[in-house]
Amino acid sequence: MPVVPNAGDPNQRRCYGVCLEEHERSHIDDVNRANPGICRGKPRGTQIMPSTSIQLTDSEVRAFEVTVQCLRRRLDEDARDGGCCEAYILDAWNYYQDILEQYRFEQSRNRRRRR
Ligand SMILES: [Zn+2]
């Protein structure tokens, strides 16, 4: 499973760590939808790899959409809490929005190739 860069800084973790967890959760949901029960009886931490680069790209587009939506929500929550996280969340938003655009571009290229 692709690894998202960790928010190592405690402020990053506090401000939007939940969005990185939601990203990974989206991959887990994709895996379980495509292969129900695949993780049953496997040791904790077993890595699941996508079968094709198309599968990988599709899963990343979904996961980064989740990340960006989560950051949007965190921005609203933070504004109500005094706005201490705003700069951190906006940095992350720019960063992950860029990655999402790259995966969307790759996805549209894959679609054209498939036809
Ligand atoms: Zn990912």
# chains A, B, ... in the order shown; residues from 1 in each chain; ligands from 1
>>> residues_near_ligand(ligand="ligand 1", cutoff="12 Å", atoms="only C-alpha atoms and all ligand atoms", output="MDAnalysis selection string")
chainID A and resid 1:6 19:31 49:50 55:67 96 99:100 103
>>> closest_residue(among="A:Cys84, A:Ile48, A:Ala92, A:Cys39", to="A:Val68", atoms="only C-alpha atoms")
A:Ala92
>>> closest_residue(among="A:Val18, A:Leu71, A:Arg113, A:Thr52", to="A:Asp91", atoms="only C-alpha atoms")
A:Leu71
>>> residues_around(residues="A:Arg74", least_positions_apart="3", cutoff="12 Å", atoms="only C-alpha atoms", output="list in words")
Gln12, Arg14, Cys15, Tyr16, Gly17, Val18, Cys19, Leu20, Thr67, Val68, Gln69, Cys70, Leu71, Glu77, Asp78, Ala79, Arg80, Asp81, Gly83, Cys84, Cys85, Glu86, Ala87, Tyr88, Ile89, Leu90, Ala92 and Trp93 of chain A
>>> write_last_selection(atoms="N, CA and C atoms", output="mmCIF file, in the first residue's frame")
data_model
loop_
_atom_site.group_PDB
_atom_site.id
_atom_site.type_symbol
_atom_site.label_atom_id
_atom_site.label_comp_id
_atom_site.auth_asym_id
_atom_site.auth_seq_id
_atom_site.Cartn_x
_atom_site.Cartn_y
_atom_site.Cartn_z
ATOM 1 N N GLN A 12 1.773 19.557 12.994
ATOM 2 C CA GLN A 12 1.124 18.947 11.829
ATOM 3 C C GLN A 12 0.203 17.819 12.290
ATOM 4 N N ARG A 14 -1.203 17.371 15.195
ATOM 5 C CA ARG A 14 -2.343 17.904 15.937
ATOM 6 C C ARG A 14 -3.353 18.554 14.980
ATOM 7 N N CYS A 15 -2.826 19.278 13.973
ATOM 8 C CA CYS A 15 -3.702 20.081 13.127
ATOM 9 C C CYS A 15 -4.426 19.266 12.063
ATOM 10 N N TYR A 16 -3.763 18.237 11.505
ATOM 11 C CA TYR A 16 -4.448 17.501 10.436
ATOM 12 C C TYR A 16 -4.019 16.031 10.343
ATOM 13 N N GLY A 17 -3.458 15.495 11.419
ATOM 14 C CA GLY A 17 -3.073 14.080 11.423
ATOM 15 C C GLY A 17 -4.244 13.173 11.064
ATOM 16 N N VAL A 18 -5.431 13.566 11.504
ATOM 17 C CA VAL A 18 -6.635 12.773 11.245
ATOM 18 C C VAL A 18 -6.866 12.606 9.738
ATOM 19 N N CYS A 19 -6.457 13.599 8.945
ATOM 20 C CA CYS A 19 -6.677 13.535 7.496
ATOM 21 C C CYS A 19 -5.767 12.488 6.843
ATOM 22 N N LEU A 20 -4.592 12.275 7.426
ATOM 23 C CA LEU A 20 -3.703 11.241 6.900
ATOM 24 C C LEU A 20 -4.239 9.860 7.266
ATOM 25 N N THR A 67 -8.385 13.121 1.619
ATOM 26 C CA THR A 67 -7.456 13.977 2.361
ATOM 27 C C THR A 67 -7.821 15.452 2.211
ATOM 28 N N VAL A 68 -8.053 15.874 0.968
ATOM 29 C CA VAL A 68 -8.317 17.288 0.700
ATOM 30 C C VAL A 68 -9.655 17.721 1.317
ATOM 31 N N GLN A 69 -10.680 16.851 1.220
ATOM 32 C CA GLN A 69 -11.972 17.157 1.860
ATOM 33 C C GLN A 69 -11.821 17.277 3.369
ATOM 34 N N CYS A 70 -11.007 16.397 3.933
ATOM 35 C CA CYS A 70 -10.761 16.407 5.378
ATOM 36 C C CYS A 70 -10.057 17.707 5.777
ATOM 37 N N LEU A 71 -9.079 18.143 4.982
ATOM 38 C CA LEU A 71 -8.351 19.384 5.286
ATOM 39 C C LEU A 71 -9.298 20.579 5.250
ATOM 40 N N GLU A 77 -13.202 23.752 11.203
ATOM 41 C CA GLU A 77 -13.176 23.446 12.637
ATOM 42 C C GLU A 77 -12.168 24.332 13.352
ATOM 43 N N ASP A 78 -10.994 24.493 12.709
ATOM 44 C CA ASP A 78 -9.923 25.280 13.315
ATOM 45 C C ASP A 78 -10.323 26.749 13.434
ATOM 46 N N ALA A 79 -11.038 27.254 12.414
ATOM 47 C CA ALA A 79 -11.463 28.655 12.451
ATOM 48 C C ALA A 79 -12.364 28.895 13.665
ATOM 49 N N ARG A 80 -13.224 27.902 13.966
ATOM 50 C CA ARG A 80 -14.098 28.037 15.138
ATOM 51 C C ARG A 80 -13.303 27.939 16.443
ATOM 52 N N ASP A 81 -12.151 27.215 16.377
ATOM 53 C CA ASP A 81 -11.330 27.023 17.586
ATOM 54 C C ASP A 81 -10.267 28.108 17.761
ATOM 55 N N GLY A 83 -8.232 29.380 15.083
ATOM 56 C CA GLY A 83 -7.395 29.519 13.892
ATOM 57 C C GLY A 83 -5.908 29.233 14.084
ATOM 58 N N CYS A 84 -5.531 28.562 15.171
ATOM 59 C CA CYS A 84 -4.103 28.299 15.430
ATOM 60 C C CYS A 84 -3.482 27.383 14.380
ATOM 61 N N CYS A 85 -4.280 26.567 13.723
ATOM 62 C CA CYS A 85 -3.751 25.582 12.772
ATOM 63 C C CYS A 85 -3.793 26.079 11.325
ATOM 64 N N GLU A 86 -4.311 27.263 11.100
ATOM 65 C CA GLU A 86 -4.595 27.686 9.727
ATOM 66 C C GLU A 86 -3.391 27.531 8.797
ATOM 67 N N ALA A 87 -2.223 28.048 9.205
ATOM 68 C CA ALA A 87 -1.039 28.016 8.333
ATOM 69 C C ALA A 87 -0.630 26.577 8.026
ATOM 70 N N TYR A 88 -0.674 25.720 9.034
ATOM 71 C CA TYR A 88 -0.294 24.317 8.830
ATOM 72 C C TYR A 88 -1.253 23.625 7.860
ATOM 73 N N ILE A 89 -2.547 23.879 8.059
ATOM 74 C CA ILE A 89 -3.547 23.211 7.222
ATOM 75 C C ILE A 89 -3.458 23.713 5.783
ATOM 76 N N LEU A 90 -3.250 25.022 5.602
ATOM 77 C CA LEU A 90 -3.155 25.547 4.238
ATOM 78 C C LEU A 90 -1.928 24.997 3.513
ATOM 79 N N ALA A 92 -0.559 22.105 4.041
ATOM 80 C CA ALA A 92 -0.885 20.716 3.724
ATOM 81 C C ALA A 92 -1.862 20.669 2.551
ATOM 82 N N TRP A 93 -2.813 21.568 2.554
ATOM 83 C CA TRP A 93 -3.812 21.613 1.497
ATOM 84 C C TRP A 93 -3.131 21.813 0.136
#
>>> select_by_dssp(residues="stretch 12-102 of chain A", states="helix (DSSP H, G or I)", output="VMD selection string")
chain A and resid 12 to 34 53 to 80 86 to 102
>>> atom_distance(atom1="atom CA of A:Asn94", atom2="atom CA of A:Leu75")
12.8 Å
>>> decode(residues="stretch 88-113 of chain A", atoms="N, CA and C atoms", output="JSON list (two decimals), in the first residue's frame")
[["chain", "number", "residue", "atom", "x", "y", "z"],
["A", 88, "TYR", "N", -0.67, 25.72, 9.03],
["A", 88, "TYR", "CA", -0.29, 24.32, 8.83],
["A", 88, "TYR", "C", -1.25, 23.63, 7.86],
["A", 89, "ILE", "N", -2.55, 23.88, 8.06],
["A", 89, "ILE", "CA", -3.55, 23.21, 7.22],
["A", 89, "ILE", "C", -3.46, 23.71, 5.78],
["A", 90, "LEU", "N", -3.25, 25.02, 5.60],
["A", 90, "LEU", "CA", -3.16, 25.55, 4.24],
["A", 90, "LEU", "C", -1.93, 25.00, 3.51],
["A", 91, "ASP", "N", -0.80, 24.90, 4.23],
["A", 91, "ASP", "CA", 0.40, 24.28, 3.63],
["A", 91, "ASP", "C", 0.09, 22.87, 3.16],
["A", 92, "ALA", "N", -0.56, 22.11, 4.04],
["A", 92, "ALA", "CA", -0.88, 20.72, 3.72],
["A", 92, "ALA", "C", -1.86, 20.67, 2.55],
["A", 93, "TRP", "N", -2.81, 21.57, 2.55],
["A", 93, "TRP", "CA", -3.81, 21.61, 1.50],
["A", 93, "TRP", "C", -3.13, 21.81, 0.14],
["A", 94, "ASN", "N", -2.24, 22.81, 0.05],
["A", 94, "ASN", "CA", -1.51, 23.05, -1.20],
["A", 94, "ASN", "C", -0.74, 21.82, -1.62],
["A", 95, "TYR", "N", -0.05, 21.23, -0.65],
["A", 95, "TYR", "CA", 0.78, 20.07, -0.91],
["A", 95, "TYR", "C", -0.05, 18.90, -1.45],
["A", 96, "TYR", "N", -1.13, 18.57, -0.76],
["A", 96, "TYR", "CA", -1.92, 17.39, -1.15],
["A", 96, "TYR", "C", -2.80, 17.66, -2.37],
["A", 97, "GLN", "N", -3.21, 18.91, -2.55],
["A", 97, "GLN", "CA", -3.98, 19.26, -3.75],
["A", 97, "GLN", "C", -3.11, 19.04, -5.00],
["A", 98, "ASP", "N", -1.83, 19.42, -4.94],
["A", 98, "ASP", "CA", -0.88, 19.19, -6.03],
["A", 98, "ASP", "C", -0.77, 17.71, -6.36],
["A", 99, "ILE", "N", -0.60, 16.91, -5.32],
["A", 99, "ILE", "CA", -0.46, 15.47, -5.54],
["A", 99, "ILE", "C", -1.74, 14.91, -6.15],
["A", 100, "LEU", "N", -2.90, 15.37, -5.65],
["A", 100, "LEU", "CA", -4.18, 14.92, -6.20],
["A", 100, "LEU", "C", -4.26, 15.24, -7.70],
["A", 101, "GLU", "N", -3.86, 16.46, -8.07],
["A", 101, "GLU", "CA", -3.90, 16.84, -9.49],
["A", 101, "GLU", "C", -3.00, 15.94, -10.32],
["A", 102, "GLN", "N", -1.83, 15.59, -9.80],
["A", 102, "GLN", "CA", -0.92, 14.70, -10.53],
["A", 102, "GLN", "C", -1.57, 13.33, -10.76],
["A", 103, "TYR", "N", -2.20, 12.80, -9.72],
["A", 103, "TYR", "CA", -2.85, 11.49, -9.87],
["A", 103, "TYR", "C", -4.05, 11.57, -10.81],
["A", 104, "ARG", "N", -4.79, 12.70, -10.76],
["A", 104, "ARG", "CA", -5.93, 12.85, -11.68],
["A", 104, "ARG", "C", -5.45, 12.89, -13.12],
["A", 105, "PHE", "N", -4.32, 13.56, -13.34],
["A", 105, "PHE", "CA", -3.74, 13.63, -14.68],
["A", 105, "PHE", "C", -3.37, 12.23, -15.16],
["A", 106, "GLU", "N", -2.69, 11.49, -14.28],
["A", 106, "GLU", "CA", -2.30, 10.13, -14.60],
["A", 106, "GLU", "C", -3.53, 9.25, -14.89],
["A", 107, "GLN", "N", -4.59, 9.47, -14.11],
["A", 107, "GLN", "CA", -5.82, 8.70, -14.27],
["A", 107, "GLN", "C", -6.44, 8.98, -15.64],
["A", 108, "SER", "N", -6.45, 10.23, -16.07],
["A", 108, "SER", "CA", -7.05, 10.55, -17.36],
["A", 108, "SER", "C", -6.19, 9.98, -18.50],
["A", 109, "ARG", "N", -4.87, 9.94, -18.29],
["A", 109, "ARG", "CA", -3.99, 9.31, -19.28],
["A", 109, "ARG", "C", -4.26, 7.81, -19.37],
["A", 110, "ASN", "N", -4.44, 7.17, -18.21],
["A", 110, "ASN", "CA", -4.76, 5.73, -18.19],
["A", 110, "ASN", "C", -6.07, 5.46, -18.93],
["A", 111, "ARG", "N", -7.07, 6.32, -18.72],
["A", 111, "ARG", "CA", -8.38, 6.14, -19.36],
["A", 111, "ARG", "C", -8.25, 6.21, -20.87],
["A", 112, "ARG", "N", -7.46, 7.19, -21.34],
["A", 112, "ARG", "CA", -7.28, 7.33, -22.79],
["A", 112, "ARG", "C", -6.59, 6.11, -23.37],
["A", 113, "ARG", "N", -5.60, 5.58, -22.63],
["A", 113, "ARG", "CA", -4.84, 4.43, -23.09],
["A", 113, "ARG", "C", -5.72, 3.18, -23.17]]
